[in-house]
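Student: Quick one: the structure is below, and I'll ask about it shortly.
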Amino acid sequence: MTSHHEKLDDMTIAFVGAGSIAEALIKGLTETGIGHATRLLVVNRHNPARLAYLEAQYDVIAGKDIRQAVVDADIILLCMKPKDIHEALPVIAAHARVDALYISVVAGYTIRSIQEMIACGNPLASTPRIVRTMPNTSCAVGKSATAYAMSDSCTARDRVYVEAILCSVGTSCTVDEHLLNAVTGLSGSGPAYVYYLVEALTLAGMDVGLDEQTSYSLVIQTLYGAAHMLTHTGESPAILRDRVTSPGGTTFAGISTLQQFGFEHAIRQAVVNATKRATELGDHSYPPTPSSK
Ligand SMILES: NC(=O)C1=CN([C@@H]2O[C@H](COP(=O)(O)OP(=O)(O)OC[C@H]3O[C@@H](n4cnc5c(N)ncnc54)[C@H](O)[C@@H]3O)[C@@H](O)[C@H]2O)C=CC1
Ligand SMILES: O=C(O)[C@@H]1CCC=N1
């Protein structure tokens, strides 16, 4: 059987942007065994030390500049911040192959706006093939929850390449493009919500007398065990929660307190606001006013 990686053999994949998500993808792709026949290039704006670190750490080649990095690329992974895409994309398009496949992880930016920016850099690329995707940083350990949407111009072969890349770093599913901002607010940002919960639980353990290391270890294993229960028992989270909650017991006291402090509301509002922010980031009026981040 052909592995995911073999489908990418002999290809050149250029990462434009060398930050958190680029590293997570590179780490996942290289450490989960991407075929050595696949060439990974990475380039950033102006941080040679960062590129040297990535080259030393992973099986990637640092591009000298954006033009050189993309010129032979079969696939170009757009990994820059939303505020930088306007500057980067026309330059990329002007130097990339006309038949390059673009994969964007940039929050908020639609397939249509990306196509327009590419056409602006290279009028010959009038209907470029674009995949808009939203992974999360768990790519680094092969556990991303990723969703993607493809432009109409994409081919069945493009889907094979995209699945090969995304399935190498976790699970992937397709969604209608308009839902990608929701995916961003939910699972793109999601690891941060979970880390925040871990921070809070660790502090809570310390509040009730445990030392930090003991509290942290107990929290991590609790998280891991609960995730494993969810994926392995086939039971719903509500049923599993119910089984922990003895009437009038400790969990009941804890959950009642979470309800009293609006836990569910806070989580739901966080995802709504993160989703709204993704929409704002993709707004063509970017860069934002000085008051916004
Ligand atoms: N950090 C995360 O958890 C996730 C981030 N994303 C998306 O990934 C993108 C990057 O996010 P991070 O990695 O967190 O940002 P980051 O700030 O860590 O990295 C951004 C990179 O882009 C490079 N860059 C900026 N302008 C450039 C240009 N003109 N040419 C070449 N490189 C350029 C920077 O030098 C830097 O290496 C964003 O659009 C974000 O929405 C998507 C999923 C998860
Ligand atoms: O915070 C952000 O804008 C990015 C998008 C998803 C995760 N991080």
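Naming scheme: A, B, ... for chains in displayed order of the structure tokens; residues 1 onward per chain; ligands 1 onward as shown.
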Show me which residues sit within 7 Å of ligand 1 when counting only C-alpha atoms and all ligand atoms, and put them as a VMD selection string.
Tutor: chain A and resid 16 to 22 43 to 47 66 79 to 82 84 to 85 87 to 88 105 to 107 134 to 137 188 to 189
Student: Write to file, as an mmCIF file, in the first residue's frame, the residues of the selection just made, with N, CA and C atoms.
Tutor:
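Result went into part-v5.cif, see below:
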```cif
data_model
loop_
_atom_site.group_PDB
_atom_site.id
_atom_site.type_symbol
_atom_site.label_atom_id
_atom_site.label_comp_id
_atom_site.auth_asym_id
_atom_site.auth_seq_id
_atom_site.Cartn_x
_atom_site.Cartn_y
_atom_site.Cartn_z
ATOM 1 N N VAL A 16 6.354 29.367 3.376
ATOM 2 C CA VAL A 16 6.643 30.797 3.462
ATOM 3 C C VAL A 16 6.098 31.273 4.804
ATOM 4 N N GLY A 17 7.029 31.610 5.697
ATOM 5 C CA GLY A 17 6.695 31.855 7.107
ATOM 6 C C GLY A 17 7.311 30.720 7.902
ATOM 7 N N ALA A 18 8.018 31.106 8.970
ATOM 8 C CA ALA A 18 8.787 30.105 9.725
ATOM 9 C C ALA A 18 8.486 30.211 11.216
ATOM 10 N N GLY A 19 7.229 30.507 11.517
ATOM 11 C CA GLY A 19 6.844 30.709 12.917
ATOM 12 C C GLY A 19 6.308 29.443 13.560
ATOM 13 N N SER A 20 5.384 29.631 14.523
ATOM 14 C CA SER A 20 4.886 28.511 15.339
ATOM 15 C C SER A 20 4.236 27.422 14.496
ATOM 16 N N ILE A 21 3.322 27.816 13.600
ATOM 17 C CA ILE A 21 2.577 26.773 12.896
ATOM 18 C C ILE A 21 3.448 26.127 11.816
ATOM 19 N N ALA A 22 4.329 26.921 11.189
ATOM 20 C CA ALA A 22 5.248 26.321 10.207
ATOM 21 C C ALA A 22 6.116 25.277 10.899
ATOM 22 N N VAL A 43 11.255 29.624 4.392
ATOM 23 C CA VAL A 43 11.787 30.989 4.296
ATOM 24 C C VAL A 43 10.955 31.901 5.189
ATOM 25 N N ASN A 44 11.590 32.928 5.736
ATOM 26 C CA ASN A 44 10.823 33.901 6.517
ATOM 27 C C ASN A 44 11.175 35.311 6.049
ATOM 28 N N ARG A 45 10.760 36.306 6.812
ATOM 29 C CA ARG A 45 10.979 37.668 6.336
ATOM 30 C C ARG A 45 12.380 38.155 6.681
ATOM 31 N N HIS A 46 12.719 38.154 7.972
ATOM 32 C CA HIS A 46 14.051 38.662 8.323
ATOM 33 C C HIS A 46 14.527 38.094 9.673
ATOM 34 N N ASN A 47 14.650 36.795 9.736
ATOM 35 C CA ASN A 47 15.177 36.208 10.969
ATOM 36 C C ASN A 47 16.034 34.994 10.625
ATOM 37 N N ILE A 66 12.558 34.769 -0.511
ATOM 38 C CA ILE A 66 11.239 34.254 -0.841
ATOM 39 C C ILE A 66 11.171 33.789 -2.299
ATOM 40 N N CYS A 79 2.281 30.426 5.456
ATOM 41 C CA CYS A 79 2.327 30.323 6.926
ATOM 42 C C CYS A 79 2.695 31.654 7.560
ATOM 43 N N MET A 80 2.304 32.753 6.914
ATOM 44 C CA MET A 80 2.581 34.055 7.507
ATOM 45 C C MET A 80 1.331 34.560 8.236
ATOM 46 N N LYS A 81 1.503 35.614 9.048
ATOM 47 C CA LYS A 81 0.358 36.206 9.748
ATOM 48 C C LYS A 81 -0.589 36.854 8.741
ATOM 49 N N PRO A 82 -1.871 36.960 9.098
ATOM 50 C CA PRO A 82 -2.804 37.612 8.163
ATOM 51 C C PRO A 82 -2.337 39.001 7.730
ATOM 52 N N ASP A 84 0.475 40.033 7.062
ATOM 53 C CA ASP A 84 1.613 40.010 6.141
ATOM 54 C C ASP A 84 1.293 39.416 4.778
ATOM 55 N N ILE A 85 0.099 38.874 4.628
ATOM 56 C CA ILE A 85 -0.187 38.135 3.385
ATOM 57 C C ILE A 85 -0.260 39.067 2.167
ATOM 58 N N GLU A 87 1.498 41.666 1.496
ATOM 59 C CA GLU A 87 2.837 41.974 1.000
ATOM 60 C C GLU A 87 3.461 40.730 0.374
ATOM 61 N N ALA A 88 3.258 39.592 1.038
ATOM 62 C CA ALA A 88 3.982 38.387 0.620
ATOM 63 C C ALA A 88 3.430 37.760 -0.665
ATOM 64 N N VAL A 105 -2.683 28.398 5.593
ATOM 65 C CA VAL A 105 -3.163 28.190 6.971
ATOM 66 C C VAL A 105 -3.531 29.536 7.603
ATOM 67 N N VAL A 106 -3.527 30.584 6.788
ATOM 68 C CA VAL A 106 -3.720 31.942 7.304
ATOM 69 C C VAL A 106 -5.170 32.146 7.767
ATOM 70 N N ALA A 107 -5.337 32.533 9.017
ATOM 71 C CA ALA A 107 -6.683 32.696 9.575
ATOM 72 C C ALA A 107 -7.453 33.769 8.818
ATOM 73 N N MET A 134 -7.148 24.854 8.211
ATOM 74 C CA MET A 134 -6.898 25.301 9.570
ATOM 75 C C MET A 134 -6.469 24.115 10.431
ATOM 76 N N PRO A 135 -5.148 23.964 10.589
ATOM 77 C CA PRO A 135 -4.630 22.942 11.494
ATOM 78 C C PRO A 135 -4.485 23.544 12.894
ATOM 79 N N ASN A 136 -3.900 22.818 13.812
ATOM 80 C CA ASN A 136 -3.479 23.437 15.071
ATOM 81 C C ASN A 136 -2.067 22.969 15.418
ATOM 82 N N THR A 137 -1.512 23.534 16.470
ATOM 83 C CA THR A 137 -0.084 23.283 16.736
ATOM 84 C C THR A 137 0.195 21.839 17.159
ATOM 85 N N GLY A 188 -8.592 25.550 15.850
ATOM 86 C CA GLY A 188 -7.336 26.257 15.567
ATOM 87 C C GLY A 188 -6.791 26.865 16.851
ATOM 88 N N SER A 189 -7.659 27.575 17.540
ATOM 89 C CA SER A 189 -7.275 28.188 18.818
ATOM 90 C C SER A 189 -7.399 27.208 19.978
#
```
Student: I need the alpha helix (DSSP H) residues of range 54-266 of chain A per DSSP on the backbone, written as a PyMOL selection string.
Tutor: chain A and resi 54-57+66-70+85-95+111-121+156-168+180-183+190-207+212-233+237-244+250-260+263-266
Student: Could you check how far CA of Ile255 in chain A sits from CA of Thr275 in chain A, in Å to one decimal?
Tutor: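 Value for the CA of Ile255 in chain A-CA of Thr275 in chain A distance: 26.8 Å.
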Student: Considering only C-alpha atoms, return as a PyMOL selection string whatever protein or nucleic-acid residues lie within 10 Å of Lys27 in chain A, sequence-local ones (same chain, fewer than 4 positions apart) excluded.
Tutor: chain A and resi 21-23+31-33+54+57-60+139-142+169
Student: Write to file, as a compact mmCIF listing (two decimals), in the first residue's frame, the residues of the selection just made, with N, CA and C atoms.
Tutor:
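And here is the file that came out, out_28.txt:
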```txt
# COMPACT_ATOMS: atom_id res chain seq x y z
N ILE A 21 3.32 27.82 13.60
CA ILE A 21 2.58 26.77 12.90
C ILE A 21 3.45 26.13 11.82
N ALA A 22 4.33 26.92 11.19
CA ALA A 22 5.25 26.32 10.21
C ALA A 22 6.12 25.28 10.90
N GLU A 23 6.64 25.61 12.07
CA GLU A 23 7.50 24.64 12.77
C GLU A 23 6.70 23.40 13.17
N GLU A 31 9.07 14.34 11.40
CA GLU A 31 9.20 13.32 12.45
C GLU A 31 8.23 12.16 12.26
N THR A 32 7.14 12.38 11.52
CA THR A 32 6.29 11.23 11.25
C THR A 32 6.75 10.53 9.96
N GLY A 33 7.91 10.97 9.45
CA GLY A 33 8.60 10.19 8.42
C GLY A 33 8.29 10.56 6.98
N LEU A 54 15.77 26.02 12.49
CA LEU A 54 14.90 25.02 11.83
C LEU A 54 15.72 24.04 11.00
N GLN A 57 17.43 21.63 13.31
CA GLN A 57 16.49 20.77 14.05
C GLN A 57 15.80 19.74 13.17
N TYR A 58 15.47 20.12 11.94
CA TYR A 58 14.63 19.27 11.08
C TYR A 58 15.27 19.09 9.71
N ASP A 59 14.68 18.18 8.93
CA ASP A 59 15.21 17.90 7.61
C ASP A 59 14.63 18.92 6.61
N VAL A 60 15.00 20.19 6.79
CA VAL A 60 14.51 21.25 5.89
C VAL A 60 15.68 22.09 5.40
N CYS A 139 0.01 19.52 15.35
CA CYS A 139 0.74 18.96 14.20
C CYS A 139 2.11 18.45 14.64
N ALA A 140 2.71 19.17 15.56
CA ALA A 140 4.08 18.85 15.98
C ALA A 140 4.19 17.44 16.52
N VAL A 141 3.09 16.89 17.06
CA VAL A 141 3.12 15.52 17.59
C VAL A 141 2.17 14.61 16.80
N GLY A 142 1.85 15.04 15.58
CA GLY A 142 1.01 14.20 14.71
C GLY A 142 -0.43 14.10 15.16
N VAL A 169 0.01 14.73 9.81
CA VAL A 169 0.16 15.50 11.06
C VAL A 169 -1.09 15.45 11.93
```
Student: Fewer than 6 positions away in the same chain doesn't count, so skip those; otherwise give me all residues within 12 Å of Ser236 in chain A, counting only C-alpha atoms, as a PDB file with N, CA and C atoms, in the first residue's frame.
Tutor:
```pdb
ATOM      1  N   ALA A 226      -8.933  11.241  30.355  1.00  0.00           N
ATOM      2  CA  ALA A 226     -10.280  11.632  29.917  1.00  0.00           C
ATOM      3  C   ALA A 226     -10.361  11.626  28.381  1.00  0.00           C
ATOM      4  N   ALA A 227      -9.301  12.115  27.717  1.00  0.00           N
ATOM      5  CA  ALA A 227      -9.281  12.105  26.244  1.00  0.00           C
ATOM      6  C   ALA A 227      -9.327  10.663  25.739  1.00  0.00           C
ATOM      7  N   MET A 229     -10.569   8.066  27.340  1.00  0.00           N
ATOM      8  CA  MET A 229     -11.925   7.544  27.590  1.00  0.00           C
ATOM      9  C   MET A 229     -12.859   7.979  26.458  1.00  0.00           C
ATOM     10  N   LEU A 230     -12.762   9.244  26.075  1.00  0.00           N
ATOM     11  CA  LEU A 230     -13.651   9.757  25.019  1.00  0.00           C
ATOM     12  C   LEU A 230     -13.411   9.031  23.701  1.00  0.00           C
ATOM     13  N   ASP A 242     -21.436  12.024  33.914  1.00  0.00           N
ATOM     14  CA  ASP A 242     -22.442  11.548  34.857  1.00  0.00           C
ATOM     15  C   ASP A 242     -21.878  10.430  35.746  1.00  0.00           C
ATOM     16  N   ARG A 243     -21.040   9.595  35.145  1.00  0.00           N
ATOM     17  CA  ARG A 243     -20.490   8.464  35.904  1.00  0.00           C
ATOM     18  C   ARG A 243     -19.499   8.908  36.979  1.00  0.00           C
TER      19      ARG A 243
END
```
Student: Taking only C-alpha atoms and all ligand atoms into account, name the residue in A:Ala24, A:Ala238, A:Val131, A:Leu197 that is nearest to ligand 2.
Tutor: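 Smallest separation from ligand 2 among the options: A:Ala24.
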Student: Quick one: residues within 10 Å of range 114-120 of chain A, only C-alpha atoms, excluding same-chain residues fewer than 2 positions away - as a PyMOL selection string?
Tutor: chain A and resi 85-94+96+98+102+104+106+109-112+122-132+151
Student: For range 265-272 of chain A, find every residue with an atom within 7 Å (counting only C-alpha atoms), except residues of its own chain fewer than 3 positions away, and show them as a PyMOL selection string.
Tutor: chain A and resi 185-186+262+275-276
Student: Residues of range 1-186 of chain A classed as strand (DSSP E or B) by DSSP on the backbone are to be reported as an MDAnalysis selection string.
Tutor: chainID A and resid 12:16 39:43 61:62 75:78 101:104 129:134 144:150 170:174
Student: Deliver the residues from the most recent selection as a file, using C-alpha atoms, as a PDB file, in the first residue's frame.
Tutor:
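To be explicit, this is the file written out as part05.pdb:
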```pdb
ATOM      1  CA  THR A  12       9.203  20.360  -3.391  1.00  0.00           C
ATOM      2  CA  ILE A  13       7.158  21.987  -0.655  1.00  0.00           C
ATOM      3  CA  ALA A  14       8.014  25.587   0.255  1.00  0.00           C
ATOM      4  CA  PHE A  15       6.929  27.024   3.602  1.00  0.00           C
ATOM      5  CA  VAL A  16       6.643  30.797   3.462  1.00  0.00           C
ATOM      6  CA  ARG A  39      12.190  18.457  -0.394  1.00  0.00           C
ATOM      7  CA  LEU A  40      11.052  20.909   2.284  1.00  0.00           C
ATOM      8  CA  LEU A  41      12.143  24.527   1.952  1.00  0.00           C
ATOM      9  CA  VAL A  42      11.410  27.234   4.475  1.00  0.00           C
ATOM     10  CA  VAL A  43      11.787  30.989   4.296  1.00  0.00           C
ATOM     11  CA  ILE A  61      16.462  23.646   3.726  1.00  0.00           C
ATOM     12  CA  ALA A  62      16.357  27.354   4.508  1.00  0.00           C
ATOM     13  CA  ILE A  75       3.330  23.181  -3.248  1.00  0.00           C
ATOM     14  CA  ILE A  76       3.557  26.518  -1.435  1.00  0.00           C
ATOM     15  CA  LEU A  77       2.425  26.603   2.178  1.00  0.00           C
ATOM     16  CA  LEU A  78       1.355  30.081   3.241  1.00  0.00           C
ATOM     17  CA  LEU A 101      -0.622  24.427  -5.570  1.00  0.00           C
ATOM     18  CA  TYR A 102      -1.120  26.890  -2.715  1.00  0.00           C
ATOM     19  CA  ILE A 103      -2.074  25.718   0.758  1.00  0.00           C
ATOM     20  CA  SER A 104      -2.963  28.496   3.183  1.00  0.00           C
ATOM     21  CA  ARG A 129      -5.417  26.119  -7.146  1.00  0.00           C
ATOM     22  CA  ILE A 130      -5.885  26.996  -3.497  1.00  0.00           C
ATOM     23  CA  VAL A 131      -6.487  24.909  -0.414  1.00  0.00           C
ATOM     24  CA  ARG A 132      -7.531  26.826   2.644  1.00  0.00           C
ATOM     25  CA  THR A 133      -6.914  24.885   5.814  1.00  0.00           C
ATOM     26  CA  MET A 134      -6.898  25.301   9.570  1.00  0.00           C
ATOM     27  CA  SER A 144      -3.683  18.083  14.782  1.00  0.00           C
ATOM     28  CA  ALA A 145      -7.422  18.373  14.255  1.00  0.00           C
ATOM     29  CA  THR A 146      -7.471  19.938  10.802  1.00  0.00           C
ATOM     30  CA  ALA A 147     -10.238  20.996   8.443  1.00  0.00           C
ATOM     31  CA  TYR A 148      -9.841  22.229   4.884  1.00  0.00           C
ATOM     32  CA  ALA A 149     -11.680  23.467   1.807  1.00  0.00           C
ATOM     33  CA  MET A 150     -10.465  23.470  -1.783  1.00  0.00           C
ATOM     34  CA  GLY A 170      -3.178  14.383  12.494  1.00  0.00           C
ATOM     35  CA  THR A 171      -6.778  13.991  11.372  1.00  0.00           C
ATOM     36  CA  SER A 172      -8.326  16.017   8.578  1.00  0.00           C
ATOM     37  CA  CYS A 173     -11.832  16.626   7.306  1.00  0.00           C
ATOM     38  CA  THR A 174     -13.393  18.840   4.670  1.00  0.00           C
TER      39      THR A 174
END
```
Student: Go through A:Ser187, A:Thr245, A:Gln259, A:Ser138 and flag the residue nearest ligand 2, using only C-alpha atoms and all ligand atoms for the distances.
Tutor: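 Looking only at the distances to ligand 2, the closest residue turns out to be A:Ser187.
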Student: Check the smallest atom-to-atom distance from each of A:Leu29, A:Val183, A:Ala164, A:Val175 to ligand 2 using only C-alpha atoms and all ligand atoms, then report the winner.
Tutor: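 Answer, going by the shortest atom-to-atom distance: A:Val183.
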